[in-house]
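Quick notes on the structure that follows.
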Amino acid sequence: MEKVAQNQLCHRKAIEAAVHSVEKSLEIAPADPHRPAYHVSPSVNWMNDPNGLIFYKGEYHLFYQYNPFSPQWGNIHWAHCKSKDLIHWEQLPIALAPSEDYDKDGCFSGSAVEHEGKLYLFYTGNVFTTPTGLPDDLLQQQCVAVSEDGVNFRKDSANPVIPAPPAHIGQTNHFRDPKVWSHGGKWYMVLGARHNHLGKVLLYQSDDLLHWEFKSVVTESQGSEGYMYECPDLFALGGRDFLLLCPEGMEGEGQIAGYYSGLLNYSAGTYEHGDFTKLDEGFEFYAPQTMTDANGRRLMIGWMPMDGHSLGKTWAGCMTLPRELLHEGNGRLRFRPAEELKQLRKRHSSVRDYAVTEGELHSFPEVEGDCVEMMIQFDLQRSDASEISIHVRSSSDNQECTVIQANLSKRNISFDRNRSGMGPGGIKECRLETGLGDMLQLHIFLDRSTVELFINDGVRVMSGLVFPDPESIGIRFAAKGGTAYIHDLQFWTLQ
């Protein structure tokens, strides 16, 4: 008991040191016109993966990877916030800090479950095994912390509850990101793993949340699919079992998040699934996690990574908007902005039946801003343009702008940030689905530095970060190769 008390004291002191650092950073951090207004983002310092998403005692809880000492990655803690409506988030005390032999170099990503009224956090304890701490010089073990009040957490004396994967299955230096759920009276966990340069997702089973038995490998890379699988999340929706994961080293891709659709046989531990599908086809989207709320919705939040240090920022990264996941029976997910986001709407403008003619940039009074929502329907039956463009965060001379373009002849959507201001440029493209019908719908959210585009009611999504001049708030429309008809445009400034 004395050792447990000492460990708890050590953890409290580690949290106090982190809080002190954050308070000191806040004293000198300047106001930043690029820091998002309605997305979850750190007031100062580094943020990465969302963790522990859960609806607990009537409120949404979001934990996330956080470095309280720097706007760069390192010294990873779990920060914590909660919300009653998915919109207004209250920052809570830091939940987890590195303090024990098994997690002294970081409390890495994981998940949360409720059991007998208590909130359990599962996370990966990280230890660097050499002084240099190279990417492979790690010892990663699975740990648990418990809270009676949902705010203060005690690391369990049984930690690490999973010290290593089976030797012939995985490596202890790449073994992380536990996602836990219940099914049929038992607890299950999926973990990301690596073995012989092949990514894997491992399945574990438990009766009591503390004693875990390895069950199976539910999926693994055949070589081209990546050398490590991070941030797995497995859930049932609409008659299918969806497995979300982030493959590192997938051929032809950088940082990517996607999913499989299949069926999990809990008894055998087998998972038959189809092809890998991207969750988001933009620039910044990684490490998504899902939860189910009191209304039965499956909600997802992802991380939008950013190199704040190179941009001269005192903060780095933000979360995406909460997105509801829908499955309509074809094995594909559809993504919709959470209904609660409508609460942010303020001043409203609309345009109907407008011809965007070739050769000029079209704009409308009051349709401008850096914190806005816009829904546009283009009438494809009436339009004969080959390309339709929307320029957002545009300067008065349009030399600075972010361009969202529909190429109707190539049947794709592009997100071009080569003239977006500071930060990385580039162009991302995604295919438009066949059978478009009469309308093309684009639903756009801007939040100072974030752009999130939902295409055709969420069949595709593209997310990215841009850092333009704060005065670049114009929104303009253009057509090429003919005329494009706006059937309907609904616009709101957001609080």
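We name chains A, B, ... following the order of the structure tokens; residues begin at 1 in each chain, and ligands are numbered from 1 as shown.
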
Excluding same-chain residues fewer than 3 positions from Asn159 in chain A, what lies within 7 Å of it counting only C-alpha atoms, as a ChimeraX atom specification? /A:143-144,156

Output the selection as a compact mmCIF listing (two decimals), in the first residue's frame - C-alpha atoms for each residue.
# COMPACT_ATOMS: atom_id res chain seq x y z
CA CYS A 143 -1.46 0.23 -19.02
CA VAL A 144 -4.67 1.30 -17.28
CA ASP A 156 -3.42 0.68 -11.47

Residue contacts of Ala18 in chain A (8 Å, only C-alpha atoms) excluding same-chain residues fewer than 5 positions away, as a VMD selection string: chain A and resid 68 to 69 94 97

As a PyMOL selection string, please: the residues near Ser43 in chain A (cut-off 12 Å, only C-alpha atoms, same-chain neighbours under 2 positions excluded). chain A and resi 22-32+34-37+39-41+45-47+66-68+70-71+79+91+313-318

Among range 285-461 of chain A, which ones does DSSP assign to strand (DSSP E or B) (computed from the backbone)? Answer as a PyMOL selection string. chain A and resi 286-292+298-304+315-316+318-319+323-327+333-337+345-356+362+368+371-379+387-394+402-407+412-416+422+427-431+439-447+450-455+460-461

Any chance you could tabulate, as a tab-separated table, the residues of range 11-88 of chain A at most 7 Å from range 295-306 of chain A with each one's nearest atom pair and distance in Å to one decimal, using only C-alpha atoms, in chain and rising number order?
residue	atom	partner	partner_atom	distance
A:Asn48	CA	A:Trp303	CA	6.2
A:Asp49	CA	A:Trp303	CA	5.6
A:Pro50	CA	A:Trp303	CA	6.5

Include N, CA and C atoms and write out the residues we just selected as a PDB file, in the first residue's frame.
ATOM      1  N   ASN A  48      -1.404  16.034 -30.249  1.00  0.00           N
ATOM      2  CA  ASN A  48      -1.638  15.063 -31.317  1.00  0.00           C
ATOM      3  C   ASN A  48      -2.829  14.175 -30.979  1.00  0.00           C
ATOM      4  N   ASP A  49      -2.796  12.896 -31.242  1.00  0.00           N
ATOM      5  CA  ASP A  49      -3.960  12.017 -31.337  1.00  0.00           C
ATOM      6  C   ASP A  49      -5.084  12.273 -30.322  1.00  0.00           C
ATOM      7  N   PRO A  50      -6.344  12.234 -30.782  1.00  0.00           N
ATOM      8  CA  PRO A  50      -7.464  12.154 -29.835  1.00  0.00           C
ATOM      9  C   PRO A  50      -7.430  10.811 -29.119  1.00  0.00           C
TER      10      PRO A  50
END
